[in-house]
>>> print(open('target.cif').read())   # mmCIF, C-alpha atoms
data_query
loop_
_atom_site.label_atom_id
_atom_site.label_comp_id
_atom_site.auth_asym_id
_atom_site.auth_seq_id
_atom_site.Cartn_x
_atom_site.Cartn_y
_atom_site.Cartn_z
CA MET A 1 -4.03 -1.02 -16.19
CA SER A 2 -4.16 -3.47 -13.32
CA VAL A 3 -5.59 -3.11 -9.83
CA LEU A 4 -3.82 -5.29 -7.27
CA THR A 5 -5.33 -5.33 -3.80
CA ILE A 6 -3.24 -6.58 -0.89
CA ALA A 7 -5.53 -7.86 1.82
CA SER A 8 -5.81 -10.04 4.87
CA SER A 9 -8.29 -9.91 7.72
CA LYS A 10 -5.40 -10.46 10.14
CA GLY A 11 -3.01 -7.72 11.16
CA GLY A 12 0.74 -8.11 10.83
CA PRO A 13 1.34 -10.52 7.92
CA GLY A 14 3.28 -7.87 5.99
CA LYS A 15 0.66 -6.29 3.72
CA THR A 16 2.21 -2.84 3.91
CA THR A 17 5.75 -4.15 3.41
CA VAL A 18 4.63 -6.07 0.31
CA ALA A 19 2.85 -2.95 -0.95
CA MET A 20 6.03 -0.91 -0.44
CA LEU A 21 8.18 -3.50 -2.22
CA LEU A 22 5.84 -3.76 -5.20
CA ALA A 23 5.18 -0.03 -5.59
CA GLY A 24 8.85 0.91 -5.35
CA SER A 25 10.07 -1.91 -7.60
CA LEU A 26 7.45 -1.30 -10.29
CA ALA A 27 8.08 2.46 -10.22
CA GLU A 28 11.76 1.65 -10.75
CA GLU A 29 10.70 -0.16 -13.94
CA LYS A 30 9.21 3.17 -15.06
CA LEU A 31 5.64 1.91 -14.82
CA ARG A 32 3.01 4.45 -13.80
CA VAL A 33 2.23 3.25 -10.28
CA VAL A 34 -0.54 4.57 -8.06
CA ALA A 35 -0.50 3.50 -4.41
CA LEU A 36 -3.75 3.67 -2.46
CA ASP A 37 -3.55 3.28 1.31
CA ALA A 38 -6.91 2.16 2.70
CA ASP A 39 -5.50 1.46 6.15
CA PRO A 40 -6.35 4.20 8.68
CA THR A 41 -2.84 3.98 10.11
CA GLN A 42 -1.66 5.45 6.77
CA ALA A 43 1.72 3.74 7.17
CA PHE A 44 2.07 3.10 3.43
CA ALA A 45 1.07 6.62 2.35
CA ARG A 46 3.27 8.22 5.02
CA TRP A 47 6.22 6.11 3.90
CA ALA A 48 5.59 7.00 0.25
CA ALA A 49 5.39 10.70 1.02
CA ASN A 50 8.14 11.10 3.63
CA THR A 51 10.61 8.23 3.54
CA TYR A 52 10.66 6.53 0.14
CA GLU A 53 13.68 7.47 -1.97
CA GLY A 54 13.24 5.60 -5.27
CA SER A 55 11.54 6.46 -8.56
CA PRO A 56 8.43 8.52 -7.89
CA PHE A 57 4.89 7.19 -7.78
CA GLU A 58 1.57 8.74 -6.88
CA SER A 59 0.09 7.89 -3.50
CA HIS A 60 -3.17 8.59 -1.71
CA ALA A 61 -4.47 7.73 1.75
CA GLU A 62 -8.18 6.93 1.75
CA ALA A 63 -9.85 4.67 4.29
CA ASP A 64 -13.46 5.63 3.54
CA GLU A 65 -14.98 2.93 1.32
CA THR A 66 -17.07 5.28 -0.83
CA ARG A 67 -14.21 7.65 -1.59
CA LEU A 68 -11.86 4.69 -2.06
CA ALA A 69 -14.18 3.11 -4.66
CA HIS A 70 -14.23 6.34 -6.65
CA LEU A 71 -10.47 6.80 -6.23
CA ILE A 72 -9.82 3.32 -7.66
CA ASP A 73 -12.12 4.17 -10.56
CA ALA A 74 -10.40 7.49 -11.18
CA THR A 75 -6.81 6.29 -10.94
CA ALA A 76 -7.11 2.90 -12.67
CA SER A 77 -7.60 4.42 -16.11
CA ASN A 78 -4.43 6.49 -15.97
CA ALA A 79 -2.05 4.11 -14.23
CA ASP A 80 -0.23 0.98 -15.36
CA VAL A 81 -0.83 -0.55 -11.96
CA VAL A 82 -2.81 0.49 -8.89
CA ILE A 83 -1.70 -1.10 -5.62
CA VAL A 84 -4.22 -0.98 -2.77
CA ASP A 85 -3.02 -1.66 0.76
CA THR A 86 -5.81 -2.47 3.20
CA ALA A 87 -6.31 -2.55 6.96
CA GLY A 88 -5.61 -5.75 8.90
CA PHE A 89 -9.16 -6.59 9.89
CA GLY A 90 -12.38 -7.30 8.04
CA ASN A 91 -13.68 -3.93 6.92
CA ARG A 92 -15.80 -2.37 4.19
CA ALA A 93 -12.95 -0.54 2.47
CA ALA A 94 -11.04 -3.80 2.05
CA ALA A 95 -14.15 -5.50 0.64
CA VAL A 96 -14.63 -2.68 -1.87
CA ALA A 97 -10.94 -2.80 -2.80
CA MET A 98 -11.19 -6.54 -3.41
CA THR A 99 -14.37 -6.13 -5.48
CA SER A 100 -12.67 -3.52 -7.66
CA ALA A 101 -9.43 -5.50 -7.95
CA ASP A 102 -8.12 -7.47 -10.91
CA ALA A 103 -6.31 -9.71 -8.41
CA VAL A 104 -6.00 -10.05 -4.64
CA LEU A 105 -2.72 -10.90 -2.96
CA VAL A 106 -2.98 -12.25 0.59
CA PRO A 107 0.26 -12.18 2.60
CA ALA A 108 0.41 -14.68 5.45
CA LEU A 109 2.90 -15.77 8.07
CA SER A 110 3.29 -19.41 8.98
CA GLY A 111 1.13 -19.38 12.12
CA GLU A 112 -2.29 -21.02 12.38
CA ALA A 113 -4.12 -17.70 12.81
CA ASP A 114 -2.50 -16.30 9.66
CA VAL A 115 -3.46 -19.30 7.55
CA THR A 116 -7.00 -19.27 8.96
CA GLU A 117 -7.48 -15.55 8.28
CA ALA A 118 -5.90 -15.91 4.83
CA GLU A 119 -8.50 -18.54 4.02
CA LYS A 120 -11.31 -16.25 5.27
CA THR A 121 -9.96 -13.43 3.12
CA ILE A 122 -9.80 -15.64 0.04
CA ARG A 123 -13.31 -16.98 0.64
CA LEU A 124 -14.57 -13.40 0.96
CA ALA A 125 -12.82 -12.43 -2.29
CA GLU A 126 -14.35 -15.45 -4.02
CA GLY A 127 -17.81 -14.41 -2.81
CA LEU A 128 -17.28 -10.86 -4.00
CA ALA A 129 -16.10 -12.17 -7.39
CA ARG A 130 -19.21 -14.33 -7.75
CA ALA A 131 -21.44 -11.39 -6.84
CA ALA A 132 -19.59 -9.17 -9.32
CA ARG A 133 -19.78 -11.95 -11.95
CA ARG A 134 -16.10 -11.63 -12.80
CA GLU A 135 -12.85 -13.44 -12.18
CA ILE A 136 -10.86 -12.01 -9.28
CA PRO A 137 -7.90 -14.36 -8.87
CA THR A 138 -6.40 -14.66 -5.40
CA ALA A 139 -3.21 -16.13 -3.98
CA ILE A 140 -1.47 -16.39 -0.64
CA LEU A 141 2.06 -15.04 -0.39
CA LEU A 142 3.96 -16.68 2.45
CA ASN A 143 5.94 -13.99 4.23
CA ARG A 144 8.77 -13.97 6.79
CA VAL A 145 9.44 -17.58 5.88
CA ARG A 146 12.15 -19.48 7.70
CA ARG A 147 13.25 -22.80 6.32
CA THR A 148 11.64 -24.72 9.15
CA GLN A 149 9.14 -27.48 9.68
CA LEU A 150 6.62 -24.78 10.66
CA ALA A 151 6.85 -23.08 7.26
CA ARG A 152 6.51 -26.42 5.47
CA HIS A 153 3.51 -27.25 7.64
CA ALA A 154 1.85 -23.90 6.82
CA ALA A 155 2.39 -24.52 3.10
CA HIS A 156 0.89 -28.01 3.51
CA GLU A 157 -2.14 -26.59 5.39
CA ILE A 158 -2.72 -24.07 2.59
CA GLU A 159 -2.55 -26.80 -0.03
CA THR A 160 -4.83 -29.10 1.98
CA ALA A 161 -7.41 -26.33 2.21
CA GLY A 162 -7.25 -25.96 -1.57
CA LEU A 163 -6.11 -22.36 -1.34
CA PRO A 164 -4.06 -20.80 -4.14
CA ARG A 165 -0.49 -19.99 -3.15
CA LEU A 166 2.35 -18.26 -4.96
CA GLU A 167 5.53 -20.25 -5.53
CA ALA A 168 7.41 -17.07 -4.58
CA SER A 169 7.75 -16.21 -0.92
CA LEU A 170 9.54 -13.64 1.21
CA SER A 171 12.05 -14.72 3.84
CA ASP A 172 12.50 -13.32 7.31
CA LEU A 173 15.12 -10.74 6.28
CA VAL A 174 16.28 -7.58 8.01
CA ALA A 175 16.29 -5.83 4.62
CA TYR A 176 12.48 -5.82 4.56
CA GLY A 177 12.26 -4.31 8.04
CA GLU A 178 14.83 -1.65 7.21
CA LEU A 179 12.77 -0.57 4.22
CA SER A 180 10.29 1.32 6.39
CA TYR A 181 13.07 3.52 7.78
CA SER A 182 15.51 3.74 4.86
CA GLY A 183 12.94 4.25 2.11
CA ARG A 184 15.11 2.17 -0.19
CA ILE A 185 13.96 -0.95 -2.02
CA PRO A 186 16.60 -3.71 -1.67
CA THR A 187 18.57 -4.03 -4.90
CA ILE A 188 21.13 -6.67 -3.95
CA GLY A 189 21.25 -10.01 -2.19
CA THR A 190 18.51 -12.44 -1.25
CA ALA A 191 15.87 -9.74 -0.78
CA ALA A 192 16.35 -8.39 -4.31
CA ALA A 193 16.17 -11.91 -5.75
CA GLU A 194 12.97 -12.66 -3.82
CA ILE A 195 11.32 -9.41 -4.94
CA ALA A 196 12.28 -10.15 -8.56
CA ALA A 197 10.85 -13.66 -8.29
CA LEU A 198 7.63 -12.32 -6.78
CA ILE A 199 7.17 -9.75 -9.53
CA ALA A 200 8.01 -12.31 -12.22
CA GLU A 201 5.39 -14.70 -10.88
CA LEU A 202 2.72 -12.00 -10.61
CA ARG A 203 3.58 -10.95 -14.15
CA ALA A 204 3.39 -14.55 -15.39
CA ARG A 205 -0.10 -14.76 -13.88
CA GLY A 206 -1.06 -11.57 -15.72
CA TRP A 207 -1.54 -9.66 -12.48
CA LEU A 208 1.02 -7.01 -13.39
CA PRO A 209 1.68 -5.26 -16.69
CA GLN A 210 4.77 -6.05 -18.71
CA VAL A 211 7.72 -3.67 -18.57
CA THR A 212 7.77 -0.98 -21.20
CA THR A 213 10.74 1.06 -22.31
CA ARG A 214 9.08 4.47 -22.18
CA ARG A 215 9.98 6.78 -19.36
CA GLN A 216 7.43 7.86 -16.84
CA GLU A 217 6.61 11.52 -16.45
CA PRO A 218 7.74 12.55 -12.97
CA VAL A 219 4.78 12.65 -10.63
CA MET A 220 4.97 14.40 -7.31
CA HIS A 221 3.91 12.41 -4.29
CA ARG A 222 0.41 13.44 -3.45
CA ARG A 223 -1.26 12.64 -0.23
CA HIS A 224 -4.98 12.91 0.31
CA GLU A 225 -5.94 12.78 3.94
CA ALA A 226 -8.96 10.75 4.86
CA SER A 227 -11.63 12.96 6.33
CA MET B 1 -36.49 -19.60 -20.19
CA LYS B 2 -34.24 -17.96 -17.65
CA THR B 3 -31.70 -15.52 -19.01
CA LEU B 4 -28.44 -15.48 -17.11
CA LYS B 5 -26.09 -12.54 -17.16
CA PRO B 6 -22.78 -13.37 -18.85
CA ARG B 7 -19.62 -13.22 -16.83
CA THR B 8 -17.58 -10.16 -17.64
CA ALA B 9 -13.98 -9.15 -17.20
CA ALA B 10 -14.92 -5.52 -16.77
CA ARG B 11 -14.10 -3.93 -13.47
CA PRO B 12 -17.26 -2.77 -11.68
CA THR B 13 -17.94 0.93 -11.34
CA ALA B 14 -17.51 2.54 -7.94
CA ALA B 15 -21.24 2.36 -7.29
CA GLU B 16 -21.40 -1.31 -8.30
CA ALA B 17 -18.40 -2.20 -6.15
CA LEU B 18 -19.96 -0.49 -3.14
CA ARG B 19 -23.27 -2.25 -3.71
CA ILE B 20 -21.66 -5.68 -4.15
CA ALA B 21 -19.49 -5.29 -1.05
CA ALA B 22 -22.49 -4.13 1.01
CA VAL B 23 -24.62 -7.07 -0.13
CA GLN B 24 -21.91 -9.73 0.06
CA ALA B 25 -20.36 -8.65 3.37
CA PRO B 26 -23.03 -6.64 5.19
CA SER B 27 -21.59 -7.22 8.66
CA LEU B 28 -18.17 -5.73 7.97
CA PRO B 29 -17.52 -2.55 9.92
CA PRO B 30 -16.37 0.70 8.33
CA THR B 31 -12.68 1.43 8.40
CA ARG B 32 -12.28 4.16 10.94
CA ALA B 33 -10.43 7.06 9.39
CA VAL B 34 -8.05 9.20 11.38
CA LEU B 35 -9.58 12.64 11.50
CA THR B 36 -7.02 14.60 13.46
CA ASP B 37 -4.10 16.44 11.91
CA ARG B 38 -1.46 14.47 13.78
CA SER B 39 2.18 15.37 13.80
CA THR B 40 4.56 13.15 11.87
CA THR B 41 8.15 13.29 10.67
CA LEU B 42 9.77 14.39 7.43
CA ASN B 43 13.24 13.01 6.82
CA LEU B 44 15.48 14.83 4.36
CA ARG B 45 18.82 13.61 3.05
CA LEU B 46 20.87 16.75 2.48
CA ARG B 47 24.51 17.68 1.93
CA MET B 48 26.37 18.68 5.07
CA SER B 49 26.95 22.16 3.62
CA THR B 50 23.20 22.66 3.15
CA VAL B 51 22.49 21.63 6.70
CA GLU B 52 25.21 23.97 7.96
CA ALA B 53 23.75 26.84 5.96
CA ILE B 54 20.25 26.18 7.35
CA THR B 55 21.64 25.97 10.88
CA ALA B 56 23.59 29.25 10.53
CA GLU B 57 20.70 31.12 8.97
CA ALA B 58 18.23 29.91 11.59
CA ARG B 59 20.58 30.90 14.40
CA GLN B 60 21.12 34.34 12.87
CA ARG B 61 17.36 34.93 12.59
CA GLY B 62 16.61 33.50 16.02
CA LEU B 63 14.48 30.71 14.57
CA THR B 64 14.47 26.95 14.80
CA GLN B 65 15.54 25.09 11.66
CA LYS B 66 12.01 23.80 11.26
CA GLN B 67 10.65 27.36 11.47
CA LEU B 68 13.14 28.57 8.89
CA VAL B 69 12.25 25.80 6.43
CA CYS B 70 8.50 26.11 7.03
CA GLN B 71 8.57 29.90 6.69
CA ALA B 72 10.40 29.60 3.37
CA LEU B 73 7.91 27.03 2.14
CA ALA B 74 4.98 29.17 3.29
CA ALA B 75 6.49 32.14 1.45
CA ALA B 76 6.71 29.95 -1.65
CA GLY B 77 2.98 29.28 -1.42
CA VAL B 78 2.96 25.88 0.25
CA ALA B 79 0.01 25.40 2.63
CA ILE B 80 1.97 25.17 5.87
CA THR B 81 -0.19 24.71 8.97
CA PRO B 82 0.30 27.76 11.24
CA SER B 83 1.34 25.64 14.22
CA ASP B 84 4.33 24.42 12.19
CA LEU B 85 5.55 28.05 11.92
CA GLU B 86 5.79 28.41 15.70
CA ASP B 87 8.77 27.72 17.93
CA ARG B 88 7.60 24.76 20.00
CA THR B 89 10.98 24.09 21.61
CA PRO B 90 10.45 22.88 25.21
CA ARG B 91 11.95 25.38 27.67
CA ARG B 92 12.71 25.25 31.38
CA ARG B 93 10.56 27.37 33.62
CA GLY B 94 11.95 30.10 35.87
#
>>> encode(input="target.cif", output="C-alpha cells")
Amino acid sequence: MSVLTIASSKGGPGKTTVAMLLAGSLAEEKLRVVALDADPTQAFARWAANTYEGSPFESHAEADETRLAHLIDATASNADVVIVDTAGFGNRAAAVAMTSADAVLVPALSGEADVTEAEKTIRLAEGLARAARREIPTAILLNRVRRTQLARHAAHEIETAGLPRLEASLSDLVAYGELSYSGRIPTIGTAAAEIAALIAELRARGWLPQVTTRRQEPVMHRRHEAS
Amino acid sequence: MKTLKPRTAARPTAAEALRIAAVQAPSLPPTRAVLTDRSTTLNLRLRMSTVEAITAEARQRGLTQKQLVCQALAAAGVAITPSDLEDRTPRRRG
C-alpha cells in the first residue's frame, strides 16, 4: 500500500488533474486505487463519480481533517495506492494528508508564485516528516510546461533552492484539459507518453506499487459527502 | 544519557497525524467543507435507442426524462432526494 498526497499551497497548478491522471491510469493497470478528495470543491470526487469512464476505483470526498485522517487509515490497508488530492491553500486537511503520506507530489507551473508556494509546501512537508520521525519524500512536478525560457528558468530556480524535482513533467496539452469533461485518460500521443513517464519515475522512486497481473474486483464508485 | 526515539517508516495513526499537524502547523485554517446538497450533473453515455425509449416513455407518462429515471431508481431502492423526483421545468406564466 502507498499513500501519495498531491499538495500545493497555491491554487491552480494542476493538483486535481494530476490526481485524475494517476488514479485513472493506475486503475487501468488493475491496481486497487482509492481516491480521497480533501478539497472542498470536490472536483476530483465529482469527476470520479459522474464523468470518469475508465477502470473503476473507489473515491471519497472528505475535507474535514479528523475524518480524513481516519479515512486514510481505513483505506490504506486495503488499497494498493491511495491518492489524496488537497485544496489549493494552506489548510489542516492538507497538513494531515502530508503527515500520513508515504510521498508528497507538488505540482507547480513555471511562474514565480508557483515556485515560491511549492517551496513552502515542501518545507511544510519536511517539518511534518521531522515531527513524525519518518521519511516523507517530496518532489515538484512541473506542469503545463512549454519549451520556453520561462520553463527553463523555473527549473533553474527550483534547483537553486535545492528543491527535489521530478525529471518527468506535463506539457501544456489540450488533452489534459479535456479530461475533466470527457472522463477519459489519454491513451495515445504526447499526453499518454508523459503520463507513462511520470508513473515510471514515481515507481522507480518507490512511490507507487509495481504492476501485478491479478484482476481487481470491481468496486462501485462511492462518494462520501463532507458534513 | 538521553534516549532518542528511532526513526520509523511506519505511517502514523490518525490520532498521531492529527497531533503532529496541529503542533507543526498550528496556524493553518480548517478546510471549509461544503455543507449544502448542491445540484450537479450526471452524464450518461447511452445508445440512441435507449435514449429514444426513455424519451417515449417519459412523454407517455407525462414526466420529464429525469423524473422517469429518478423514479425508477427510487423504486429500485436508491436513495433519491425527493426534489429530484419533481418536475422543475421552467414554465411561462399566464
>>> interface_residues(input="target.cif", of="chain A", to="chain B", cutoff="7 Å", atoms="only C-alpha atoms", output="VMD selection string")
chain A and resid 40 50 to 51 63 to 64 66 69 to 70 73 90 to 93 95 to 96 99 to 100 127 to 128 131 to 135 226 to 227
>>> atom_distance(input="target.cif", atom1="CA of Thr121 (chain A)", atom2="CA of Val3 (chain A)")
17.1 Å
>>> atom_distance(input="target.cif", atom1="CA of Val81 (chain A)", atom2="CA of Val33 (chain A)")
5.2 Å
>>> residues_around(input="target.cif", residues="Val104 (chain A)", least_positions_apart="4", cutoff="10 Å", atoms="all atoms listed in the file", output="PDB file with C-alpha atoms, in the frame of the given file")
ATOM      1  CA  VAL A   3      -5.590  -3.110  -9.830  1.00  0.00           C
ATOM      2  CA  LEU A   4      -3.820  -5.290  -7.270  1.00  0.00           C
ATOM      3  CA  THR A   5      -5.330  -5.330  -3.800  1.00  0.00           C
ATOM      4  CA  ILE A   6      -3.240  -6.580  -0.890  1.00  0.00           C
ATOM      5  CA  ALA A   7      -5.530  -7.860   1.820  1.00  0.00           C
ATOM      6  CA  SER A   8      -5.810 -10.040   4.870  1.00  0.00           C
ATOM      7  CA  ILE A  83      -1.700  -1.100  -5.620  1.00  0.00           C
ATOM      8  CA  VAL A  84      -4.220  -0.980  -2.770  1.00  0.00           C
ATOM      9  CA  ALA A  97     -10.940  -2.800  -2.800  1.00  0.00           C
ATOM     10  CA  MET A  98     -11.190  -6.540  -3.410  1.00  0.00           C
ATOM     11  CA  THR A  99     -14.370  -6.130  -5.480  1.00  0.00           C
ATOM     12  CA  SER A 100     -12.670  -3.520  -7.660  1.00  0.00           C
ATOM     13  CA  THR A 121      -9.960 -13.430   3.120  1.00  0.00           C
ATOM     14  CA  ILE A 122      -9.800 -15.640   0.040  1.00  0.00           C
ATOM     15  CA  ALA A 125     -12.820 -12.430  -2.290  1.00  0.00           C
ATOM     16  CA  GLU A 126     -14.350 -15.450  -4.020  1.00  0.00           C
ATOM     17  CA  ILE A 136     -10.860 -12.010  -9.280  1.00  0.00           C
ATOM     18  CA  PRO A 137      -7.900 -14.360  -8.870  1.00  0.00           C
ATOM     19  CA  THR A 138      -6.400 -14.660  -5.400  1.00  0.00           C
ATOM     20  CA  ALA A 139      -3.210 -16.130  -3.980  1.00  0.00           C
ATOM     21  CA  ILE A 140      -1.470 -16.390  -0.640  1.00  0.00           C
ATOM     22  CA  TRP A 207      -1.540  -9.660 -12.480  1.00  0.00           C
TER      23      TRP A 207
END
>>> residues_near_point(input="target.cif", point="(12.4, 2.1, -7.2)", cutoff="8 Å", atoms="all atoms listed in the file", output="list in words")
Ala23, Gly24, Ser25, Leu26, Ala27, Glu28, Glu29, Glu53, Gly54, Ser55, Pro56, Arg184 and Ile185 of chain A
>>> atom_distance(input="target.cif", atom1="CA of Tyr181 (chain A)", atom2="CA of Leu150 (chain A)")
29.2 Å
>>> resolve_selection(input="target.cif", expression="the PyMOL selection byres ((chain B and resi 64) around 9)", output="ChimeraX atom specification")
/B:55,58-59,61-63,65-69,86-89
>>> resolve_selection(input="target.cif", expression="the PyMOL selection byres ((chain A and resi 160-172) around 9)", output="count of residues only")
33
>>> residues_around(input="target.cif", residues="Val82 (chain A)", least_positions_apart="2", cutoff="10 Å", atoms="all atoms listed in the file", output="ChimeraX atom specification")
/A:1-5,23,32-36,58-59,72,75-80,84-85,101-102,208
>>> residues_around(input="target.cif", residues="Ser9 (chain A)", least_positions_apart="5", cutoff="6 Å", atoms="all atoms listed in the file", output="ChimeraX atom specification")
/A:88-90,117
>>> resolve_selection(input="target.cif", expression="the PyMOL selection byres ((chain A and resi 15) around 9)", output="MDAnalysis selection string")
chainID A and resid 6:8 11:14 16:20 85:88 105:108
>>> closest_residue(input="target.cif", among="B:Cys70, B:Ser83, B:Ser39, B:Val78", to="Ile54 (chain B)", atoms="only C-alpha atoms")
B:Cys70
>>> build_atoms(input="target.cif", residues="region 113-125 of chain A", atoms="N, CA and C atoms", output="PDB file, in the frame of the given file")
ATOM      1  N   ALA A 113      -3.170 -18.811  12.943  1.00  0.00           N
ATOM      2  CA  ALA A 113      -4.120 -17.700  12.810  1.00  0.00           C
ATOM      3  C   ALA A 113      -3.968 -17.029  11.442  1.00  0.00           C
ATOM      4  N   ASP A 114      -2.726 -16.921  10.965  1.00  0.00           N
ATOM      5  CA  ASP A 114      -2.500 -16.300   9.660  1.00  0.00           C
ATOM      6  C   ASP A 114      -3.125 -17.121   8.547  1.00  0.00           C
ATOM      7  N   VAL A 115      -2.919 -18.430   8.601  1.00  0.00           N
ATOM      8  CA  VAL A 115      -3.460 -19.300   7.550  1.00  0.00           C
ATOM      9  C   VAL A 115      -4.995 -19.283   7.598  1.00  0.00           C
ATOM     10  N   THR A 116      -5.546 -19.302   8.813  1.00  0.00           N
ATOM     11  CA  THR A 116      -7.000 -19.270   8.960  1.00  0.00           C
ATOM     12  C   THR A 116      -7.588 -17.983   8.398  1.00  0.00           C
ATOM     13  N   GLU A 117      -6.956 -16.827   8.750  1.00  0.00           N
ATOM     14  CA  GLU A 117      -7.480 -15.550   8.280  1.00  0.00           C
ATOM     15  C   GLU A 117      -7.243 -15.373   6.777  1.00  0.00           C
ATOM     16  N   ALA A 118      -6.141 -15.955   6.280  1.00  0.00           N
ATOM     17  CA  ALA A 118      -5.900 -15.910   4.830  1.00  0.00           C
ATOM     18  C   ALA A 118      -7.006 -16.643   4.098  1.00  0.00           C
ATOM     19  N   GLU A 119      -7.413 -17.788   4.646  1.00  0.00           N
ATOM     20  CA  GLU A 119      -8.500 -18.540   4.020  1.00  0.00           C
ATOM     21  C   GLU A 119      -9.802 -17.735   4.044  1.00  0.00           C
ATOM     22  N   LYS A 120     -10.087 -17.082   5.188  1.00  0.00           N
ATOM     23  CA  LYS A 120     -11.310 -16.250   5.270  1.00  0.00           C
ATOM     24  C   LYS A 120     -11.274 -15.147   4.223  1.00  0.00           C
ATOM     25  N   THR A 121     -10.097 -14.527   4.075  1.00  0.00           N
ATOM     26  CA  THR A 121      -9.960 -13.430   3.120  1.00  0.00           C
ATOM     27  C   THR A 121     -10.197 -13.926   1.699  1.00  0.00           C
ATOM     28  N   ILE A 122      -9.630 -15.087   1.393  1.00  0.00           N
ATOM     29  CA  ILE A 122      -9.800 -15.640   0.040  1.00  0.00           C
ATOM     30  C   ILE A 122     -11.247 -16.037  -0.205  1.00  0.00           C
ATOM     31  N   ARG A 123     -11.891 -16.623   0.798  1.00  0.00           N
ATOM     32  CA  ARG A 123     -13.310 -16.980   0.640  1.00  0.00           C
ATOM     33  C   ARG A 123     -14.163 -15.734   0.422  1.00  0.00           C
ATOM     34  N   LEU A 124     -13.834 -14.641   1.153  1.00  0.00           N
ATOM     35  CA  LEU A 124     -14.570 -13.400   0.960  1.00  0.00           C
ATOM     36  C   LEU A 124     -14.361 -12.873  -0.461  1.00  0.00           C
ATOM     37  N   ALA A 125     -13.112 -12.899  -0.928  1.00  0.00           N
ATOM     38  CA  ALA A 125     -12.820 -12.430  -2.290  1.00  0.00           C
ATOM     39  C   ALA A 125     -13.559 -13.268  -3.326  1.00  0.00           C
TER      40      ALA A 125
END
